[in-house]
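Trainee: Below: one structure in structure tokens.
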Amino acid sequence: MNTPNPRTEGEPEAVVIGHGAVGALITALMAEAGWSALSVDRADHTRDSAGILHGDITAPTPALRDKLARADMVVVAVPEQAAVDGLGTIAEATDPRTTIVETLSHKSGFLDRAEPLLEPRPVLSLNPLFHPSLGWADNTVTASAIRAGNTAERLLTLIEGAGARVHRLRHEEHDHIVTSVQAVTHAALLSFVDAVRRLGLAPADLVACAPPPTRTLLALSARVLTSQAETYWDIQNSGRPGDDARRALAESLQALDVGAGAGDRDGFGERFAGLGTWLGENLDPFADDAARALKTLLNRPTDHDDPSHGKR
């Protein structure tokens, strides 16, 4: 049985399920604003961590249920399957006025299951389109609401106040636009690393002979590969958006297979020019962005620039 939500004024009380990179980022933002923000995580290393309740949303303790019952907002910052598995607990333990926030990369699968369970609670979908280590400033967060509410708007105000750009859209639009873009980007990066591995190139030679664009792709790929695989699995395993993204990437690669008779020099030139035309007024600004990024990357000393790296 739900208990009345006791907080009617003042700063909201929030429970953040998951103390990974995204959960920690949101918890810190709330705490800095004076909110009462408690992180919940089932990892063993959180047992002795200050400000983190060791717990599992799929097997809640009485202490966790009590925190959920008192919360004005519950943020779900765990992988999709764990989020789905925790829906029953959230629906049973929270007040009908509690705002539920989810941070998944793919929305429809979770929200289709959540809607009948969570009604009439306000539900806000967020997706920080950046690695949390980069911070909020100058980065984009997508936001879509099934039912808007004051507490949700206060969180969006905090995010904008931290310097992020909030882009509002429907969750159906999110999955078509954002999930597709993420799926094709990460598939391209992972395929790039796999391709150079299949070519039999020694990593030391590859790095030593890498022109600036290759070095940039290696840096972006390494960024992905040092993150959690489950995050990228959820994006690729997103159903139609992920399937369409990989199919489009495969078709684009096939169109470049000149060795198999995919066009001639003139046809390649027309395709090349057409891609630039498609980018339109964004072409030159993106090229300038690349020049600045390449200059920064090449001017920054790194371990693999040191001839003694690996010999210490």
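Each chain in the structure tokens gets a letter, A, B, ..., in the order shown, and its residues are numbered from 1; ligands are numbered from 1 in order too.
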Pick out the residues sitting within 12 Å of Gln228 in chain A, and hand them over as a list in words; count only C-alpha atoms, and ignore anything fewer than 6 positions along from it in its own chain.
Mentor: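 In the requested format, the answer is Gly20, Ala21, Val22, Val78, Pro79, His131, Ala222, Asp234 and Ile235 of chain A.
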Trainee: Next, the residues of the selection above should be written as a PDB file, in the first residue's frame with N, CA and C atoms.
Mentor:
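What landed in result21.pdb:
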ATOM      1  N   GLY A  20      26.309   4.444 -11.291  1.00  0.00           N
ATOM      2  CA  GLY A  20      27.309   4.444 -12.346  1.00  0.00           C
ATOM      3  C   GLY A  20      27.615   5.875 -12.752  1.00  0.00           C
ATOM      4  N   ALA A  21      28.187   6.041 -13.943  1.00  0.00           N
ATOM      5  CA  ALA A  21      28.618   7.372 -14.367  1.00  0.00           C
ATOM      6  C   ALA A  21      27.443   8.342 -14.475  1.00  0.00           C
ATOM      7  N   VAL A  22      26.330   7.912 -15.079  1.00  0.00           N
ATOM      8  CA  VAL A  22      25.181   8.806 -15.254  1.00  0.00           C
ATOM      9  C   VAL A  22      24.500   9.060 -13.916  1.00  0.00           C
ATOM     10  N   VAL A  78      20.076   2.810 -14.681  1.00  0.00           N
ATOM     11  CA  VAL A  78      20.666   1.480 -14.814  1.00  0.00           C
ATOM     12  C   VAL A  78      20.399   0.978 -16.227  1.00  0.00           C
ATOM     13  N   PRO A  79      21.073  -0.099 -16.662  1.00  0.00           N
ATOM     14  CA  PRO A  79      20.793  -0.647 -18.003  1.00  0.00           C
ATOM     15  C   PRO A  79      19.335  -1.054 -18.166  1.00  0.00           C
ATOM     16  N   HIS A 131      29.548  11.497 -22.672  1.00  0.00           N
ATOM     17  CA  HIS A 131      30.081  10.708 -21.563  1.00  0.00           C
ATOM     18  C   HIS A 131      30.076  11.585 -20.311  1.00  0.00           C
ATOM     19  N   ALA A 222      38.633   4.118 -28.676  1.00  0.00           N
ATOM     20  CA  ALA A 222      39.119   3.798 -27.339  1.00  0.00           C
ATOM     21  C   ALA A 222      38.185   4.348 -26.279  1.00  0.00           C
ATOM     22  N   ASP A 234      22.721  -2.113 -25.333  1.00  0.00           N
ATOM     23  CA  ASP A 234      21.358  -1.592 -25.303  1.00  0.00           C
ATOM     24  C   ASP A 234      21.059  -0.759 -26.545  1.00  0.00           C
ATOM     25  N   ILE A 235      22.036   0.010 -27.005  1.00  0.00           N
ATOM     26  CA  ILE A 235      21.830   0.844 -28.196  1.00  0.00           C
ATOM     27  C   ILE A 235      21.703  -0.024 -29.452  1.00  0.00           C
TER      28      ILE A 235
END
Trainee: Looking only at the backbone, which of the residues in range 178-311 of chain A does DSSP tag as alpha helix (DSSP H), as a CSV table (one decimal) with C-alpha atoms, in the first residue's frame?
Mentor:
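The resulting file, part-v4.csv, is reproduced below:
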chain,number,residue,atom,x,y,z
A,180,SER,CA,19.6,5.7,-34.8
A,181,VAL,CA,22.5,8.2,-34.7
A,182,GLN,CA,24.1,6.6,-31.7
A,183,ALA,CA,23.8,3.1,-33.2
A,184,VAL,CA,25.4,4.0,-36.5
A,185,THR,CA,28.1,6.1,-34.8
A,186,HIS,CA,29.2,3.3,-32.4
A,187,ALA,CA,28.8,0.6,-35.0
A,188,ALA,CA,31.1,2.6,-37.3
A,189,LEU,CA,33.7,3.0,-34.6
A,190,LEU,CA,33.7,-0.6,-33.4
A,191,SER,CA,33.7,-1.8,-37.0
A,192,PHE,CA,36.7,0.5,-37.7
A,193,VAL,CA,38.8,-1.2,-34.9
A,194,ASP,CA,37.6,-4.6,-36.0
A,195,ALA,CA,38.6,-3.9,-39.6
A,196,VAL,CA,42.2,-2.8,-38.8
A,197,ARG,CA,42.5,-5.8,-36.6
A,198,ARG,CA,41.3,-8.0,-39.5
A,203,PRO,CA,48.9,-1.9,-33.0
A,204,ALA,CA,52.4,-0.4,-32.6
A,205,ASP,CA,52.8,0.1,-36.4
A,206,LEU,CA,49.2,1.3,-36.7
A,207,VAL,CA,49.7,4.0,-34.1
A,208,ALA,CA,53.1,5.1,-35.4
A,212,PRO,CA,45.4,12.6,-38.0
A,213,PRO,CA,42.0,11.3,-39.0
A,214,THR,CA,43.0,7.7,-38.1
A,215,ARG,CA,44.4,8.8,-34.8
A,216,THR,CA,41.1,10.6,-34.1
A,217,LEU,CA,39.1,7.4,-34.9
A,218,LEU,CA,41.4,5.4,-32.7
A,219,ALA,CA,40.8,7.9,-29.9
A,220,LEU,CA,37.0,7.8,-30.3
A,221,SER,CA,37.0,4.0,-30.5
A,222,ALA,CA,39.1,3.8,-27.3
A,223,ARG,CA,36.6,6.1,-25.6
A,224,VAL,CA,33.9,3.6,-26.4
A,225,LEU,CA,35.9,0.5,-25.5
A,229,ALA,CA,29.7,-2.8,-23.0
A,230,GLU,CA,26.2,-3.1,-21.7
A,231,THR,CA,25.5,0.6,-22.6
A,232,TYR,CA,26.4,-0.1,-26.2
A,233,TRP,CA,24.6,-3.4,-26.3
A,234,ASP,CA,21.4,-1.6,-25.3
A,235,ILE,CA,21.8,0.8,-28.2
A,236,GLN,CA,22.6,-1.8,-30.8
A,240,ARG,CA,14.4,-1.2,-35.6
A,241,PRO,CA,16.5,1.9,-34.9
A,242,GLY,CA,19.6,-0.2,-34.4
A,243,ASP,CA,18.8,-2.6,-37.3
A,244,ASP,CA,18.2,0.3,-39.7
A,245,ALA,CA,21.4,2.0,-38.6
A,246,ARG,CA,23.6,-1.0,-39.2
A,247,ARG,CA,21.9,-1.8,-42.5
A,248,ALA,CA,22.5,1.8,-43.8
A,249,LEU,CA,26.1,1.5,-42.7
A,250,ALA,CA,26.6,-1.8,-44.5
A,251,GLU,CA,24.9,-0.5,-47.7
A,252,SER,CA,27.2,2.6,-47.6
A,253,LEU,CA,30.3,0.4,-47.3
A,254,GLN,CA,29.0,-1.8,-50.2
A,255,ALA,CA,28.6,1.3,-52.3
A,265,ARG,CA,35.9,7.3,-60.7
A,266,ASP,CA,33.2,9.8,-62.0
A,267,GLY,CA,30.5,8.0,-60.0
A,268,PHE,CA,32.7,8.1,-56.8
A,269,GLY,CA,33.3,11.8,-57.4
A,270,GLU,CA,29.6,12.5,-57.7
A,271,ARG,CA,28.8,10.6,-54.6
A,272,PHE,CA,31.6,12.4,-52.7
A,273,ALA,CA,30.3,15.8,-53.8
A,274,GLY,CA,26.7,14.8,-53.0
A,275,LEU,CA,27.6,14.0,-49.4
A,276,GLY,CA,29.1,17.4,-49.0
A,277,THR,CA,26.0,19.0,-50.5
A,278,TRP,CA,23.8,17.0,-48.1
A,279,LEU,CA,25.6,18.6,-45.2
A,283,LEU,CA,29.9,21.5,-44.0
A,284,ASP,CA,32.4,24.3,-43.3
A,285,PRO,CA,31.6,24.6,-39.5
A,286,PHE,CA,32.1,20.8,-39.1
A,287,ALA,CA,35.4,21.0,-41.1
A,288,ASP,CA,36.5,23.8,-38.8
A,289,ASP,CA,35.6,21.7,-35.7
A,290,ALA,CA,37.7,18.8,-37.1
A,291,ALA,CA,40.7,21.1,-37.6
A,292,ARG,CA,40.5,22.3,-34.0
A,293,ALA,CA,40.0,18.8,-32.7
A,294,LEU,CA,42.9,17.4,-34.7
A,295,LYS,CA,45.2,20.2,-33.7
A,296,THR,CA,44.4,19.7,-30.0
A,297,LEU,CA,44.9,15.9,-30.3
A,298,LEU,CA,48.2,16.2,-32.2
A,299,ASN,CA,49.6,18.8,-29.8
Trainee: Which residue out of A:Ala91, A:Val84, A:Ala148, A:Ala69 has the minimum interatomic distance to Gly109 in chain A when only C-alpha atoms are used?
Mentor: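 When distances to Gly109 in chain A are compared using only C-alpha atoms, the smallest one comes from A:Val84.
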Trainee: Please provide as a list of chain:residue names all residues within 6 Å of Asp72 in chain A, with the sequence filter that same-chain residues fewer than 6 positions apart are discarded (counting only C-alpha atoms).
Mentor: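 Near neighbours after the sequence-gap exclusion: A:Pro12, A:Glu13, A:Ala14, A:Thr98.
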Trainee: Could the residues in this selection be written to a file with C-alpha atoms, as a short mmCIF file (atom, residue, chain, number, x, y, z; two decimals), in the first residue's frame?
Mentor:
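Dumped everything to again23.cif:
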data_model
loop_
_atom_site.label_atom_id
_atom_site.label_comp_id
_atom_site.auth_asym_id
_atom_site.auth_seq_id
_atom_site.Cartn_x
_atom_site.Cartn_y
_atom_site.Cartn_z
CA PRO A 12 12.79 17.75 -3.46
CA GLU A 13 13.90 14.42 -2.05
CA ALA A 14 15.28 12.11 -4.72
CA THR A 98 6.28 10.73 -7.36
#
Trainee: From a backbone DSSP assignment, name each residue in range 112-201 of chain A labelled strand (DSSP E or B), as a PyMOL selection string.
Mentor: chain A and resi 123-128+140-147+165-168
Trainee: Need to verify the contact set: Leu29 in chain A, 12 Å, only C-alpha atoms, exclusion of same-chain residues closer than 2 positions in sequence. Can you return it as a short mmCIF file (atom, residue, chain, number, x, y, z; two decimals) with C-alpha atoms, in the first residue's frame?
Mentor:
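Writing done, so here's selection19.cif:
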data_model
loop_
_atom_site.label_atom_id
_atom_site.label_comp_id
_atom_site.auth_asym_id
_atom_site.auth_seq_id
_atom_site.Cartn_x
_atom_site.Cartn_y
_atom_site.Cartn_z
CA ALA A 14 15.28 12.11 -4.72
CA VAL A 16 18.77 7.68 -7.79
CA VAL A 22 25.18 8.81 -15.25
CA GLY A 23 23.63 8.17 -11.85
CA ALA A 24 26.58 9.77 -10.06
CA LEU A 25 26.43 12.79 -12.39
CA ILE A 26 22.74 13.39 -11.65
CA THR A 27 23.13 12.77 -7.91
CA ALA A 31 23.16 17.60 -4.12
CA GLU A 32 24.88 20.79 -5.28
CA ALA A 33 21.44 22.39 -5.65
CA GLY A 34 20.48 21.46 -2.09
CA TRP A 35 18.22 18.54 -2.95
CA SER A 36 18.21 15.49 -0.71
CA ALA A 37 19.67 12.96 -3.15
CA LEU A 38 20.35 9.35 -2.21
CA PRO A 132 29.44 11.91 -17.99
CA GLY A 135 30.28 17.31 -17.54
CA TRP A 136 27.07 19.13 -18.38
CA ARG A 154 12.83 21.75 -11.68
CA LEU A 155 15.29 19.02 -12.65
CA LEU A 156 15.42 20.32 -16.23
CA THR A 157 16.09 23.80 -14.85
CA LEU A 158 19.01 22.41 -12.84
CA ILE A 159 20.41 20.73 -15.94
CA GLU A 160 20.15 23.93 -17.99
CA GLY A 161 21.66 25.88 -15.10
CA ALA A 162 24.69 23.57 -15.25
CA GLY A 163 25.24 24.71 -18.84
CA ALA A 164 23.64 21.85 -20.78
#
Trainee: Excluding range 56-59 of chain A and residues on its chain fewer than 3 positions from it, collect all residues at most 10 Å away from it, counting only C-alpha atoms, and give them as an mmCIF file with N, CA and C atoms, in the first residue's frame.
Mentor:
data_model
loop_
_atom_site.group_PDB
_atom_site.id
_atom_site.type_symbol
_atom_site.label_atom_id
_atom_site.label_comp_id
_atom_site.auth_asym_id
_atom_site.auth_seq_id
_atom_site.Cartn_x
_atom_site.Cartn_y
_atom_site.Cartn_z
ATOM 1 N N ILE A 17 18.509 5.423 -8.604
ATOM 2 C CA ILE A 17 18.803 3.991 -8.702
ATOM 3 C C ILE A 17 19.946 3.797 -9.682
ATOM 4 N N GLY A 18 21.098 3.400 -9.168
ATOM 5 C CA GLY A 18 22.280 3.208 -9.999
ATOM 6 C C GLY A 18 23.296 4.303 -9.752
ATOM 7 N N VAL A 40 21.396 4.637 -4.864
ATOM 8 C CA VAL A 40 21.211 3.235 -4.508
ATOM 9 C C VAL A 40 21.940 2.396 -5.547
ATOM 10 N N ASP A 41 22.795 1.487 -5.101
ATOM 11 C CA ASP A 41 23.545 0.661 -6.040
ATOM 12 C C ASP A 41 23.799 -0.697 -5.409
ATOM 13 N N ARG A 42 23.757 -1.738 -6.221
ATOM 14 C CA ARG A 42 23.926 -3.089 -5.685
ATOM 15 C C ARG A 42 25.357 -3.591 -5.744
ATOM 16 N N ALA A 43 26.271 -2.802 -6.334
ATOM 17 C CA ALA A 43 27.663 -3.236 -6.423
ATOM 18 C C ALA A 43 28.270 -3.362 -5.025
ATOM 19 N N LEU A 53 23.244 3.987 -0.643
ATOM 20 C CA LEU A 53 22.559 2.871 -0.001
ATOM 21 C C LEU A 53 22.801 1.622 -0.830
ATOM 22 N N PRO A 62 13.501 -3.403 3.254
ATOM 23 C CA PRO A 62 12.574 -2.446 3.868
ATOM 24 C C PRO A 62 13.120 -1.019 3.864
ATOM 25 N N LEU A 64 15.082 0.364 1.599
ATOM 26 C CA LEU A 64 14.930 0.925 0.260
ATOM 27 C C LEU A 64 13.473 1.257 -0.021
ATOM 28 N N ARG A 65 12.565 0.389 0.362
ATOM 29 C CA ARG A 65 11.138 0.675 0.166
ATOM 30 C C ARG A 65 10.732 1.957 0.894
ATOM 31 N N LEU A 68 11.951 4.934 -1.107
ATOM 32 C CA LEU A 68 11.137 5.123 -2.300
ATOM 33 C C LEU A 68 9.775 5.729 -1.953
ATOM 34 N N VAL A 76 15.929 6.460 -12.535
ATOM 35 C CA VAL A 76 16.370 5.113 -12.893
ATOM 36 C C VAL A 76 17.547 5.247 -13.854
ATOM 37 N N ALA A 82 17.710 -4.146 -16.270
ATOM 38 C CA ALA A 82 17.580 -3.895 -14.834
ATOM 39 C C ALA A 82 16.460 -2.891 -14.568
ATOM 40 N N ALA A 83 16.329 -1.890 -15.448
ATOM 41 C CA ALA A 83 15.261 -0.903 -15.289
ATOM 42 C C ALA A 83 13.891 -1.558 -15.427
ATOM 43 N N VAL A 84 13.741 -2.430 -16.417
ATOM 44 C CA VAL A 84 12.469 -3.138 -16.611
ATOM 45 C C VAL A 84 12.178 -4.041 -15.415
ATOM 46 N N ASP A 85 13.191 -4.741 -14.944
ATOM 47 C CA ASP A 85 13.010 -5.658 -13.819
ATOM 48 C C ASP A 85 12.618 -4.928 -12.537
ATOM 49 N N GLY A 86 12.992 -3.648 -12.431
ATOM 50 C CA GLY A 86 12.680 -2.885 -11.232
ATOM 51 C C GLY A 86 11.359 -2.146 -11.268
ATOM 52 N N LEU A 87 10.637 -2.240 -12.372
ATOM 53 C CA LEU A 87 9.392 -1.483 -12.516
ATOM 54 C C LEU A 87 8.355 -1.852 -11.461
ATOM 55 N N GLY A 88 8.254 -3.142 -11.164
ATOM 56 C CA GLY A 88 7.264 -3.566 -10.187
ATOM 57 C C GLY A 88 7.495 -2.942 -8.829
ATOM 58 N N THR A 89 8.743 -2.927 -8.392
ATOM 59 C CA THR A 89 9.081 -2.320 -7.101
ATOM 60 C C THR A 89 8.752 -0.840 -7.094
ATOM 61 N N ILE A 90 9.108 -0.140 -8.171
ATOM 62 C CA ILE A 90 8.858 1.302 -8.233
ATOM 63 C C ILE A 90 7.360 1.581 -8.185
#
